[in-house]
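> After the structure tokens below, expect a handful of questions from me.
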Amino acid sequence: KNQTFLHDTFPSGFLWGSGTSAFQTEGAWDQDGKGASIWDSFTHSSLGGQFVRETATVASDSYNHWEEDVEALEHLGVKSYSFSLSW
């Protein structure tokens with residue numbers, strides 16, 4: 001269901017944006033020659049597995065679905081997007 005957000009309660013020219021963290025969204029931790037990040041190594045280790053109990057092996061899989069993610073940002077009217085790369 002579409003609901004109207006109160007965009008006009010913010011000052012004119014307010015820049016709406018969004019941001020993500022590579023580890024939380026990328027997935028594809030061993031795809032296309034991408035090396036493991038420090039977090040990948042830790043969460044896949046026996047020590048990390050004891051504390052974290054999950055990995056970002058798939059995460060939200062933005063690595064393989066980035067085009068759909070961009071479409072979602074456009075649909076939401078996001079004008080600024082900050083992201084990180086972890087490779």
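Every chain in the structure tokens has a letter given in the order shown (A, B, ...), and although residue numbers restart at 1 in each chain, ligands are simply numbered from 1 in the order shown.
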Once DSSP has gone over the backbone, tell me which residues of chain A are in strand (DSSP E or B), as a VMD selection string.
chain A and resid 17 to 19 80 to 82
> Keeping only N, CA and C atoms, take the residues you just selected and write them out as a PDB file, in the first residue's frame.

ATOM      1  N   GLY A  17      18.408  10.963   1.218  1.00  0.00           N
ATOM      2  CA  GLY A  17      19.413  10.001   0.809  1.00  0.00           C
ATOM      3  C   GLY A  17      19.308   8.701   1.574  1.00  0.00           C
ATOM      4  N   SER A  18      20.170   7.795   1.207  1.00  0.00           N
ATOM      5  CA  SER A  18      20.214   6.476   1.817  1.00  0.00           C
ATOM      6  C   SER A  18      21.655   5.996   1.796  1.00  0.00           C
ATOM      7  N   GLY A  19      21.959   5.031   2.630  1.00  0.00           N
ATOM      8  CA  GLY A  19      23.308   4.486   2.658  1.00  0.00           C
ATOM      9  C   GLY A  19      23.303   3.025   3.065  1.00  0.00           C
ATOM     10  N   SER A  80      20.319  10.828  -3.141  1.00  0.00           N
ATOM     11  CA  SER A  80      21.710  10.685  -2.721  1.00  0.00           C
ATOM     12  C   SER A  80      21.882   9.303  -2.103  1.00  0.00           C
ATOM     13  N   TYR A  81      22.917   8.574  -2.537  1.00  0.00           N
ATOM     14  CA  TYR A  81      23.135   7.217  -2.040  1.00  0.00           C
ATOM     15  C   TYR A  81      24.610   7.034  -1.726  1.00  0.00           C
ATOM     16  N   SER A  82      24.895   6.661  -0.510  1.00  0.00           N
ATOM     17  CA  SER A  82      26.266   6.420  -0.074  1.00  0.00           C
ATOM     18  C   SER A  82      26.441   4.925   0.159  1.00  0.00           C
TER      19      SER A  82
END
> Could you tell me how far CA of Glu74 in chain A sits from CA of Gln24 in chain A, in Å to one decimal place?
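Computing the Euclidean distance for CA of Gln24 in chain A and CA of Glu74 in chain A yields 20.7 Å.
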> When distances are computed from only C-alpha atoms, which of A:Ala36, A:Thr43, A:Phe23, A:Gly77 shows the smallest separation from Ser60 in chain A?
A:Phe23
